[in-house]
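Shown below: start.json, with JSON, C-alpha atoms.
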[["chain", "number", "residue", "atom", "x", "y", "z"],
["N", 1, "MET", "CA", 3.58, 8.13, 8.97],
["N", 2, "PHE", "CA", 0.62, 8.62, 11.29],
["N", 3, "LYS", "CA", 2.24, 9.16, 14.66],
["N", 4, "THR", "CA", -0.94, 10.71, 16.09],
["N", 5, "GLN", "CA", -4.52, 10.63, 14.85],
["N", 6, "ILE", "CA", -7.12, 13.09, 16.10],
["N", 7, "PRO", "CA", -10.63, 13.85, 14.76],
["N", 8, "LEU", "CA", -10.96, 16.92, 12.55],
["N", 9, "THR", "CA", -13.51, 19.43, 13.90],
["N", 10, "PHE", "CA", -14.27, 23.05, 13.04],
["N", 11, "ALA", "CA", -14.52, 24.02, 16.72],
["N", 12, "GLN", "CA", -10.91, 23.02, 17.38],
["N", 13, "HIS", "CA", -9.29, 23.40, 13.97],
["N", 14, "ARG", "CA", -10.98, 26.36, 12.30],
["N", 15, "ASP", "CA", -7.62, 27.94, 11.40],
["N", 16, "LEU", "CA", -5.99, 24.75, 10.10],
["N", 17, "ARG", "CA", -4.24, 25.00, 6.74],
["N", 18, "VAL", "CA", -2.85, 22.24, 4.54],
["N", 19, "PHE", "CA", 0.14, 22.83, 2.28],
["N", 20, "GLU", "CA", 0.56, 20.61, -0.79],
["N", 21, "SER", "CA", 4.18, 19.76, -1.46],
["N", 22, "ASN", "CA", 6.26, 17.37, -3.55],
["N", 23, "ASP", "CA", 8.46, 16.65, -0.54],
["N", 24, "TYR", "CA", 7.74, 13.09, 0.62],
["N", 25, "SER", "CA", 10.30, 13.03, 3.41],
["N", 26, "TYR", "CA", 7.45, 12.26, 5.80],
["N", 27, "ALA", "CA", 7.28, 8.76, 4.23],
["N", 28, "LYS", "CA", 11.00, 7.98, 4.24],
["N", 29, "GLY", "CA", 10.55, 5.44, 7.04],
["N", 30, "GLU", "CA", 7.70, 3.55, 5.38],
["N", 31, "THR", "CA", 8.42, 0.12, 3.93],
["N", 32, "LEU", "CA", 4.84, -0.86, 3.05],
["N", 33, "ALA", "CA", 2.05, 1.08, 1.34],
["N", 34, "PRO", "CA", -1.42, -0.53, 1.46],
["N", 35, "LEU", "CA", -3.16, -0.51, -1.91],
["N", 36, "VAL", "CA", -6.60, -1.01, -3.46],
["N", 37, "LEU", "CA", -7.59, -2.92, -6.58],
["N", 38, "ASP", "CA", -8.10, 0.16, -8.73],
["N", 39, "GLU", "CA", -4.41, 1.08, -8.56],
["N", 40, "LEU", "CA", -3.02, -2.39, -9.28],
["N", 41, "GLY", "CA", -1.99, -1.58, -12.83],
["N", 42, "ASP", "CA", 0.10, 1.40, -11.75],
["N", 43, "ILE", "CA", 1.54, -0.30, -8.66],
["N", 44, "ALA", "CA", 2.57, -3.50, -10.46],
["N", 45, "ARG", "CA", 4.67, -1.54, -12.95],
["N", 46, "GLU", "CA", 6.92, -0.01, -10.29],
["N", 47, "TYR", "CA", 6.61, -1.84, -6.95],
["N", 48, "PRO", "CA", 6.74, -5.42, -5.68],
["N", 49, "ILE", "CA", 3.33, -6.39, -4.26],
["N", 50, "ILE", "CA", 3.06, -8.53, -1.13],
["N", 51, "PHE", "CA", 0.33, -9.65, 1.26],
["N", 52, "PRO", "CA", 0.72, -9.01, 5.01],
["N", 53, "ASP", "CA", -0.01, -12.09, 7.12],
["N", 54, "ASN", "CA", -3.04, -10.54, 8.80],
["N", 55, "GLN", "CA", -6.10, -11.74, 6.88],
["N", 56, "SER", "CA", -7.86, -8.38, 7.24],
["N", 57, "ASP", "CA", -4.92, -6.33, 5.95],
["N", 58, "LEU", "CA", -4.79, -4.94, 2.43],
["N", 59, "PRO", "CA", -2.16, -6.02, -0.09],
["N", 60, "SER", "CA", 0.78, -3.65, -0.05],
["N", 61, "ALA", "CA", 3.44, -2.17, -2.25],
["N", 62, "LEU", "CA", 6.87, -3.06, -0.85],
["N", 63, "LEU", "CA", 8.82, 0.19, -0.55],
["N", 64, "GLY", "CA", 12.05, -1.01, 1.05],
["N", 65, "LEU", "CA", 14.02, -4.06, 2.16],
["N", 66, "GLU", "CA", 15.40, -2.71, 5.42],
["N", 67, "PRO", "CA", 13.50, -1.44, 8.47],
["N", 68, "GLY", "CA", 12.77, 2.27, 8.29],
["N", 69, "LYS", "CA", 14.30, 2.74, 4.82],
["N", 70, "ASN", "CA", 12.00, 3.67, 1.94],
["N", 71, "ALA", "CA", 13.90, 3.16, -1.32],
["N", 72, "TYR", "CA", 11.37, 5.29, -3.17],
["N", 73, "VAL", "CA", 12.12, 8.55, -1.32],
["N", 74, "ALA", "CA", 15.26, 10.42, -2.39],
["N", 75, "ASP", "CA", 17.43, 12.34, 0.06],
["N", 76, "ASP", "CA", 15.81, 15.59, -1.11],
["N", 77, "GLY", "CA", 12.28, 14.22, -0.59],
["N", 78, "ARG", "CA", 11.45, 13.44, -4.23],
["N", 79, "TRP", "CA", 9.39, 10.32, -4.89],
["N", 80, "LEU", "CA", 11.42, 8.02, -7.17],
["N", 81, "ALA", "CA", 8.56, 6.50, -9.14],
["N", 82, "THR", "CA", 5.96, 7.77, -11.57],
["N", 83, "TYR", "CA", 2.98, 6.56, -9.55],
["N", 84, "ILE", "CA", 2.62, 7.35, -5.83],
["N", 85, "PRO", "CA", 0.43, 4.92, -3.84],
["N", 86, "SER", "CA", -2.88, 6.36, -2.67],
["N", 87, "SER", "CA", -2.12, 5.51, 0.96],
["N", 88, "ILE", "CA", 0.90, 7.84, 0.75],
["N", 89, "ARG", "CA", -0.98, 10.62, -1.04],
["N", 90, "ARG", "CA", -3.85, 10.71, 1.45],
["N", 91, "TYR", "CA", -1.56, 11.79, 4.31],
["N", 92, "PRO", "CA", -2.11, 13.63, 6.66],
["N", 93, "PHE", "CA", -5.83, 12.73, 6.52],
["N", 94, "LEU", "CA", -7.67, 9.42, 6.75],
["N", 95, "PHE", "CA", -11.07, 8.02, 7.58],
["N", 96, "GLY", "CA", -11.53, 6.24, 10.89],
["N", 97, "SER", "CA", -14.43, 4.75, 12.79],
["N", 98, "VAL", "CA", -15.61, 5.72, 16.25],
["N", 99, "GLU", "CA", -17.18, 3.20, 18.58],
["N", 100, "GLN", "CA", -20.88, 3.80, 19.20],
["N", 101, "PRO", "CA", -23.22, 2.43, 21.87],
["N", 102, "GLU", "CA", -24.10, -1.22, 21.40],
["N", 103, "GLY", "CA", -26.52, -1.78, 18.55],
["N", 104, "GLU", "CA", -25.62, 1.43, 16.72],
["N", 105, "GLN", "CA", -23.60, 1.57, 13.52],
["N", 106, "LYS", "CA", -20.00, 2.73, 13.73],
["N", 107, "ARG", "CA", -19.54, 6.39, 12.88],
["N", 108, "MET", "CA", -16.91, 7.39, 10.32],
["N", 109, "LEU", "CA", -14.90, 10.54, 11.00],
["N", 110, "VAL", "CA", -11.98, 12.31, 9.34],
["N", 111, "PHE", "CA", -8.78, 12.05, 11.37],
["N", 112, "PHE", "CA", -5.47, 13.80, 10.79],
["N", 113, "ASP", "CA", -1.92, 13.85, 12.09],
["N", 114, "PRO", "CA", -1.39, 17.22, 13.83],
["N", 115, "ASP", "CA", 2.38, 16.84, 13.55],
["N", 116, "ALA", "CA", 2.37, 16.48, 9.74],
["N", 117, "PRO", "CA", 4.65, 18.95, 7.92],
["N", 118, "HIS", "CA", 1.73, 19.72, 5.58],
["N", 119, "LEU", "CA", 0.05, 21.62, 8.43],
["N", 120, "LYS", "CA", 2.98, 23.81, 9.46],
["N", 121, "ASN", "CA", 3.11, 26.18, 6.49],
["N", 122, "PRO", "CA", 1.00, 29.36, 6.96],
["N", 123, "SER", "CA", 0.60, 29.71, 3.18],
["N", 124, "GLY", "CA", -1.29, 26.43, 2.92],
["N", 125, "HIS", "CA", -4.89, 26.05, 1.79],
["N", 126, "PRO", "CA", -7.51, 26.70, 4.50],
["N", 127, "VAL", "CA", -9.35, 23.57, 5.58],
["N", 128, "PHE", "CA", -12.53, 25.38, 6.68],
["N", 129, "THR", "CA", -14.44, 28.44, 5.50],
["N", 130, "PRO", "CA", -15.31, 31.08, 8.13],
["N", 131, "GLU", "CA", -18.81, 29.53, 8.23],
["N", 132, "GLY", "CA", -17.45, 26.12, 9.18],
["N", 133, "GLU", "CA", -17.80, 24.42, 5.80],
["N", 134, "LEU", "CA", -14.97, 22.57, 4.08],
["N", 135, "THR", "CA", -13.19, 24.69, 1.48],
["N", 136, "PRO", "CA", -13.23, 23.51, -2.17],
["N", 137, "HIS", "CA", -9.63, 22.34, -1.81],
["N", 138, "MET", "CA", -10.50, 20.25, 1.23],
["N", 139, "GLN", "CA", -13.66, 18.95, -0.43],
["N", 140, "ARG", "CA", -11.48, 17.51, -3.19],
["N", 141, "ARG", "CA", -9.31, 15.85, -0.56],
["N", 142, "MET", "CA", -12.40, 14.42, 1.13],
["N", 143, "GLN", "CA", -13.66, 13.07, -2.20],
["N", 144, "PHE", "CA", -10.34, 11.31, -2.65],
["N", 145, "LEU", "CA", -10.61, 9.78, 0.84],
["N", 146, "GLU", "CA", -14.20, 8.70, 0.23],
["N", 147, "ASN", "CA", -13.34, 7.05, -3.08],
["N", 148, "LEU", "CA", -10.43, 5.25, -1.46],
["N", 149, "GLN", "CA", -12.59, 4.07, 1.44],
["N", 150, "LYS", "CA", -15.22, 2.63, -0.92],
["N", 151, "LYS", "CA", -12.60, 0.48, -2.65],
["N", 152, "ILE", "CA", -11.27, -1.13, 0.53],
["N", 153, "PRO", "CA", -14.03, -3.77, 1.09],
["N", 154, "LYS", "CA", -13.70, -5.18, -2.45],
["N", 155, "THR", "CA", -9.91, -5.32, -2.10],
["N", 156, "ARG", "CA", -10.15, -7.12, 1.24],
["N", 157, "ALA", "CA", -12.63, -9.58, -0.28],
["N", 158, "ALA", "CA", -10.09, -10.42, -3.02],
["N", 159, "VAL", "CA", -7.40, -11.11, -0.40],
["N", 160, "VAL", "CA", -9.80, -13.32, 1.58],
["N", 161, "ALA", "CA", -10.60, -15.26, -1.61],
["N", 162, "LEU", "CA", -6.90, -15.84, -2.33],
["N", 163, "ALA", "CA", -6.28, -16.97, 1.23],
["N", 164, "ALA", "CA", -9.29, -19.30, 1.15],
["N", 165, "SER", "CA", -8.02, -20.92, -2.06],
["N", 166, "GLY", "CA", -4.79, -21.91, -0.31],
["N", 167, "VAL", "CA", -2.44, -20.23, -2.80],
["N", 168, "LEU", "CA", -0.90, -17.78, -0.31],
["N", 169, "ALA", "CA", 2.20, -18.89, 1.56],
["N", 170, "GLU", "CA", 4.10, -17.19, 4.38],
["N", 171, "ARG", "CA", 7.59, -16.02, 3.53],
["N", 172, "SER", "CA", 10.40, -13.97, 5.04],
["N", 173, "ILE", "CA", 12.93, -11.82, 3.22],
["N", 174, "VAL", "CA", 16.46, -12.15, 4.57],
["N", 175, "ILE", "CA", 19.19, -9.72, 3.58],
["N", 176, "ARG", "CA", 22.79, -10.51, 4.48],
["N", 177, "LYS", "CA", 25.17, -7.68, 3.63],
["N", 178, "SER", "CA", 28.86, -7.99, 2.93],
["N", 179, "ASP", "CA", 29.66, -6.31, 6.26],
["N", 180, "GLY", "CA", 27.90, -9.12, 8.12],
["N", 181, "GLN", "CA", 24.72, -7.23, 8.95],
["N", 182, "ARG", "CA", 21.54, -9.26, 8.66],
["N", 183, "HIS", "CA", 18.01, -7.93, 8.19],
["N", 184, "GLN", "CA", 14.84, -9.97, 8.02],
["N", 185, "ILE", "CA", 11.38, -8.91, 6.95],
["N", 186, "LYS", "CA", 8.79, -11.23, 8.45],
["N", 187, "GLY", "CA", 5.01, -11.35, 8.39],
["N", 188, "LEU", "CA", 4.33, -11.36, 4.66],
["N", 189, "ARG", "CA", 2.68, -13.73, 2.24],
["N", 190, "VAL", "CA", 3.17, -14.36, -1.46],
["N", 191, "VAL", "CA", 1.42, -16.47, -4.08],
["N", 192, "ASP", "CA", 2.87, -19.98, -4.24],
["N", 193, "GLU", "CA", 2.86, -20.64, -7.98],
["N", 194, "LYS", "CA", 3.03, -24.40, -7.50],
["N", 195, "LYS", "CA", -0.14, -24.36, -5.40],
["N", 196, "PHE", "CA", -1.78, -21.99, -7.88],
["N", 197, "ASN", "CA", -1.01, -24.29, -10.81],
["N", 198, "GLU", "CA", -2.44, -27.25, -8.88],
["N", 199, "LEU", "CA", -5.86, -25.62, -8.36],
["N", 200, "THR", "CA", -8.79, -27.58, -9.69],
["N", 201, "ASP", "CA", -10.86, -26.05, -12.45],
["N", 202, "ALA", "CA", -13.62, -25.41, -9.93],
["N", 203, "ASP", "CA", -11.31, -23.61, -7.51],
["N", 204, "PHE", "CA", -9.74, -21.58, -10.32],
["N", 205, "ASN", "CA", -13.15, -20.50, -11.58],
["N", 206, "ALA", "CA", -14.16, -19.57, -8.04],
["N", 207, "LEU", "CA", -11.16, -17.25, -7.89],
["N", 208, "ARG", "CA", -12.08, -15.80, -11.27],
["N", 209, "ARG", "CA", -15.63, -15.08, -10.14],
["N", 210, "SER", "CA", -14.37, -13.44, -6.96],
["N", 211, "GLY", "CA", -12.32, -10.92, -8.92],
["N", 212, "ALA", "CA", -9.13, -12.02, -7.16],
["N", 213, "LEU", "CA", -7.26, -13.16, -10.28],
["N", 214, "THR", "CA", -6.39, -9.60, -11.26],
["N", 215, "LEU", "CA", -4.70, -9.14, -7.89],
["N", 216, "LEU", "CA", -2.92, -12.50, -8.17],
["N", 217, "TYR", "CA", -1.48, -11.83, -11.63],
["N", 218, "ALA", "CA", -0.49, -8.27, -10.73],
["N", 219, "HIS", "CA", 1.36, -9.64, -7.70],
["N", 220, "LEU", "CA", 3.27, -12.21, -9.78],
["N", 221, "LEU", "CA", 4.23, -9.68, -12.45],
["N", 222, "SER", "CA", 5.28, -7.11, -9.85],
["N", 223, "TRP", "CA", 8.26, -9.16, -8.65],
["N", 224, "ALA", "CA", 10.20, -7.93, -11.68],
["N", 225, "ASN", "CA", 10.50, -4.66, -9.74],
["N", 226, "PHE", "CA", 13.20, -6.23, -7.58],
["N", 227, "ARG", "CA", 15.37, -6.04, -10.70],
["N", 228, "GLN", "CA", 14.65, -2.46, -11.68],
["N", 229, "GLY", "CA", 13.63, 0.92, -10.36],
["N", 230, "PRO", "CA", 14.48, 2.24, -6.88],
["N", 231, "ILE", "CA", 14.90, -1.16, -5.20],
["N", 232, "GLY", "CA", 17.04, -2.53, -8.03],
["N", 233, "GLY", "CA", 19.09, 0.68, -8.03],
["N", 234, "LYS", "CA", 19.58, 0.68, -4.28],
["N", 235, "TYR", "CA", 20.65, -2.96, -4.27],
["N", 236, "PRO", "CA", 22.60, -3.51, -7.52],
["N", 237, "ASP", "CA", 23.72, -7.00, -6.50],
["N", 238, "LEU", "CA", 20.09, -7.92, -6.06],
["N", 239, "ALA", "CA", 19.31, -6.78, -9.59],
["N", 240, "ALA", "CA", 22.32, -8.68, -10.97],
["N", 241, "LYS", "CA", 21.26, -11.92, -9.28],
["N", 242, "ALA", "CA", 17.80, -11.54, -10.76],
["N", 243, "GLY", "CA", 18.93, -10.54, -14.25],
["N", 244, "GLY", "CA", 17.39, -12.46, -17.09],
["N", 245, "ASN", "CA", 15.06, -14.61, -14.99],
["N", 246, "ASN", "CA", 11.30, -14.48, -15.26],
["N", 247, "ALA", "CA", 11.04, -15.41, -11.59],
["N", 248, "PRO", "CA", 13.76, -13.37, -9.90],
["N", 249, "PHE", "CA", 14.04, -15.48, -6.74],
["N", 250, "GLN", "CA", 13.43, -18.98, -5.58],
["N", 251, "PHE", "CA", 11.76, -19.40, -2.19],
["N", 252, "GLU", "CA", 13.46, -22.13, -0.22],
["N", 253, "SER", "CA", 12.64, -23.17, 3.33],
["N", 254, "ASP", "CA", 10.07, -20.39, 3.43],
["N", 255, "VAL", "CA", 12.81, -17.74, 3.19],
["N", 256, "LEU", "CA", 13.74, -15.42, 0.36],
["N", 257, "ASP", "CA", 17.48, -15.06, 0.95],
["N", 258, "LEU", "CA", 19.02, -11.96, -0.64],
["N", 259, "SER", "CA", 22.62, -12.68, 0.26],
["N", 260, "HIS", "CA", 25.74, -10.58, -0.12],
["N", 261, "LEU", "CA", 24.10, -7.29, -0.94],
["N", 262, "SER", "CA", 26.56, -4.39, -1.04]]
What do you get writing this file as structure tokens?
Amino acid sequence: MFKTQIPLTFAQHRDLRVFESNDYSYAKGETLAPLVLDELGDIAREYPIIFPDNQSDLPSALLGLEPGKNAYVADDGRWLATYIPSSIRRYPFLFGSVEQPEGEQKRMLVFFDPDAPHLKNPSGHPVFTPEGELTPHMQRRMQFLENLQKKIPKTRAAVVALAASGVLAERSIVIRKSDGQRHQIKGLRVVDEKKFNELTDADFNALRRSGALTLLYAHLLSWANFRQGPIGGKYPDLAAKAGGNNAPFQFESDVLDLSHLS
């Protein structure tokens, strides 16, 4: 989504307006949405949850099975799920750090995408007051960003704990369509249930104390969303193959092979 990120300043953007819309066409090319622990309950009901292979990355809701195709955005821009991930809703703003001289703490600034459709409508909400303060509408947006930012370290710590326990395994998703086209999604990790079940009591309790078990169980339960909702509807053969099974797919040779999708 973020094609460009520039710092938000009153001097340069005093006339900026942000228009709130239910059109999510700006996210139609997104296939992953990073998430935080506080939204796990909502995410797990409607999205498969995966872990990118970069240790510092957040867990993510899987939005699509083909590059550049978000199954949760309809042709008219509607979002096809009840809950919309926070990383989608924050657009076109986000927090970012700015490098400081050595020995000084990094400085956090608000960045935005100047090409976002939210900023093109003249009837949008002003971002700044004439005096250079954030408007009440923008203050609410900033509070949302701040709350989201505060939840990131705890979420990353849970991912690190899972990785350290050895229960995460690298996987690829391979889709072979009936017309011969082949797509592969690489660079993701999932919980290996065999390894999880083989944890010692001490290692299991360490995961429990870390707070990572909530994330682990939400991830395992979320795989039912391959059988239902936007992904199941977009790939009916996928839903049929998974029908009736508690674990919709078996991982073999480190590949999740979704063959013969229409």
Shell of 12 Å around Leu134 in chain N, all atoms listed in the file, local chain residues under 2 positions omitted, as a PyMOL selection string: chain N and resi 8-10+13-17+110+125-132+136-143
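For the residues N:Phe19, N:Phe51, N:Phe93, N:Phe2, ranking by smallest atom-to-atom distance to Ala163 in chain N using all atoms listed in the file places N:Phe51 first.
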Residue with the minimum atom-to-atom distance to Lys154 in chain N, picked from N:Leu37, N:Leu94, N:Ala169, N:Ile6 with only C-alpha atoms counted, is N:Leu37
Extract, using all atoms listed in the file, all DNA, RNA and protein residues at most 12 Å from Asn54 in chain N, discarding same-chain residues fewer than 4 positions from it, and format them as an MDAnalysis selection string. chainID N and resid 50 58:60 156 159:160 163 168 170 186:189
Taking all atoms listed in the file into account, name the residue in N:Phe95, N:Asp76, N:Glu198, N:Leu63 that is nearest to Glu146 in chain N.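 Among the listed residues, the smallest separation from Glu146 in chain N belongs to N:Phe95.
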Neighbouring residues of range 199-215 of chain N were defined as those with any atom within 10 Å, considering all atoms listed in the file; residues of the same chain fewer than 5 positions away were excluded. Please report them as a list of chain:residue names. N:Val36, N:Leu37, N:Asp38, N:Leu40, N:Gly41, N:Ala44, N:Ile49, N:Pro59, N:Lys154, N:Thr155, N:Arg156, N:Ala157, N:Ala158, N:Val159, N:Val160, N:Ala161, N:Leu162, N:Ala164, N:Ser165, N:Gly166, N:Val167, N:Lys194, N:Leu220
For Ile152 in chain N, which residue out of N:Pro67, N:Gly229, N:Pro52, N:Pro34 is the nearest one, using all atoms listed in the file?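 Looking at the shortest contact to Ile152 in chain N, the residue is N:Pro34.
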So what do you get for CA of Leu216 in chain N versus CA of Gly233 in chain N, distance-wise? 25.7 Å
Residue with the minimum atom-to-atom distance to Asp75 in chain N, picked from N:Arg182, N:Arg227, N:Lys151, N:Lys28 with only C-alpha atoms counted, is N:Lys28
Non-local contacts of Val73 in chain N (7 Å; only C-alpha atoms; under 3 positions in same chain excluded) as a VMD selection string: chain N and resid 24 to 25 28 70 77 to 80
How far is it from CA of Gly96 in chain N to CA of Leu109 in chain N, in Å with one decimal? 5.5 Å
Using Å and a single decimal, report how far CA of Ile84 in chain N sits from CA of Ile43 in chain N.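 Distance between the two atoms: 8.2 Å.
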Between N:Gly124, N:Pro85, N:Pro114, N:Gly68, which is the closest to Ala33 in chain N once you count only C-alpha atoms?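 Checking each candidate against Ala33 in chain N, we get N:Pro85 as the closest.
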N, CA and C atoms restored at range 37-54 of chain N, emitted as an mmCIF file, in the coordinates of the input:
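Output below, filename rebuild18.cif:
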data_model
loop_
_atom_site.group_PDB
_atom_site.id
_atom_site.type_symbol
_atom_site.label_atom_id
_atom_site.label_comp_id
_atom_site.auth_asym_id
_atom_site.auth_seq_id
_atom_site.Cartn_x
_atom_site.Cartn_y
_atom_site.Cartn_z
ATOM 1 N N LEU N 37 -7.588 -2.268 -5.276
ATOM 2 C CA LEU N 37 -7.590 -2.920 -6.580
ATOM 3 C C LEU N 37 -7.473 -1.946 -7.737
ATOM 4 N N ASP N 38 -8.081 -0.779 -7.618
ATOM 5 C CA ASP N 38 -8.100 0.160 -8.730
ATOM 6 C C ASP N 38 -6.723 0.686 -9.119
ATOM 7 N N GLU N 39 -5.749 0.565 -8.239
ATOM 8 C CA GLU N 39 -4.410 1.080 -8.560
ATOM 9 C C GLU N 39 -3.424 -0.032 -8.875
ATOM 10 N N LEU N 40 -3.917 -1.265 -9.039
ATOM 11 C CA LEU N 40 -3.020 -2.390 -9.280
ATOM 12 C C LEU N 40 -2.153 -2.211 -10.513
ATOM 13 N N GLY N 41 -2.754 -1.721 -11.604
ATOM 14 C CA GLY N 41 -1.990 -1.580 -12.830
ATOM 15 C C GLY N 41 -0.800 -0.658 -12.672
ATOM 16 N N ASP N 42 -0.993 0.448 -11.971
ATOM 17 C CA ASP N 42 0.100 1.400 -11.750
ATOM 18 C C ASP N 42 1.115 0.854 -10.749
ATOM 19 N N ILE N 43 0.628 0.232 -9.690
ATOM 20 C CA ILE N 43 1.540 -0.300 -8.660
ATOM 21 C C ILE N 43 2.419 -1.399 -9.231
ATOM 22 N N ALA N 44 1.825 -2.332 -9.978
ATOM 23 C CA ALA N 44 2.570 -3.500 -10.460
ATOM 24 C C ALA N 44 3.692 -3.127 -11.407
ATOM 25 N N ARG N 45 3.607 -1.963 -12.041
ATOM 26 C CA ARG N 45 4.670 -1.540 -12.950
ATOM 27 C C ARG N 45 5.928 -1.080 -12.220
ATOM 28 N N GLU N 46 5.785 -0.657 -10.948
ATOM 29 C CA GLU N 46 6.920 -0.010 -10.290
ATOM 30 C C GLU N 46 7.257 -0.547 -8.905
ATOM 31 N N TYR N 47 6.390 -1.370 -8.317
ATOM 32 C CA TYR N 47 6.610 -1.840 -6.950
ATOM 33 C C TYR N 47 6.358 -3.340 -6.839
ATOM 34 N N PRO N 48 7.133 -4.059 -6.029
ATOM 35 C CA PRO N 48 6.740 -5.420 -5.680
ATOM 36 C C PRO N 48 5.489 -5.383 -4.805
ATOM 37 N N ILE N 49 4.565 -6.307 -5.041
ATOM 38 C CA ILE N 49 3.330 -6.390 -4.260
ATOM 39 C C ILE N 49 3.400 -7.609 -3.353
ATOM 40 N N ILE N 50 3.072 -7.415 -2.075
ATOM 41 C CA ILE N 50 3.060 -8.530 -1.130
ATOM 42 C C ILE N 50 1.745 -8.482 -0.340
ATOM 43 N N PHE N 51 1.521 -9.562 0.424
ATOM 44 C CA PHE N 51 0.330 -9.650 1.260
ATOM 45 C C PHE N 51 0.767 -9.792 2.714
ATOM 46 N N PRO N 52 0.430 -8.830 3.581
ATOM 47 C CA PRO N 52 0.720 -9.010 5.010
ATOM 48 C C PRO N 52 0.017 -10.259 5.539
ATOM 49 N N ASP N 53 0.523 -10.817 6.638
ATOM 50 C CA ASP N 53 -0.010 -12.090 7.120
ATOM 51 C C ASP N 53 -1.318 -11.962 7.882
ATOM 52 N N ASN N 54 -1.748 -10.733 8.164
ATOM 53 C CA ASN N 54 -3.040 -10.540 8.800
ATOM 54 C C ASN N 54 -4.128 -10.608 7.726
#
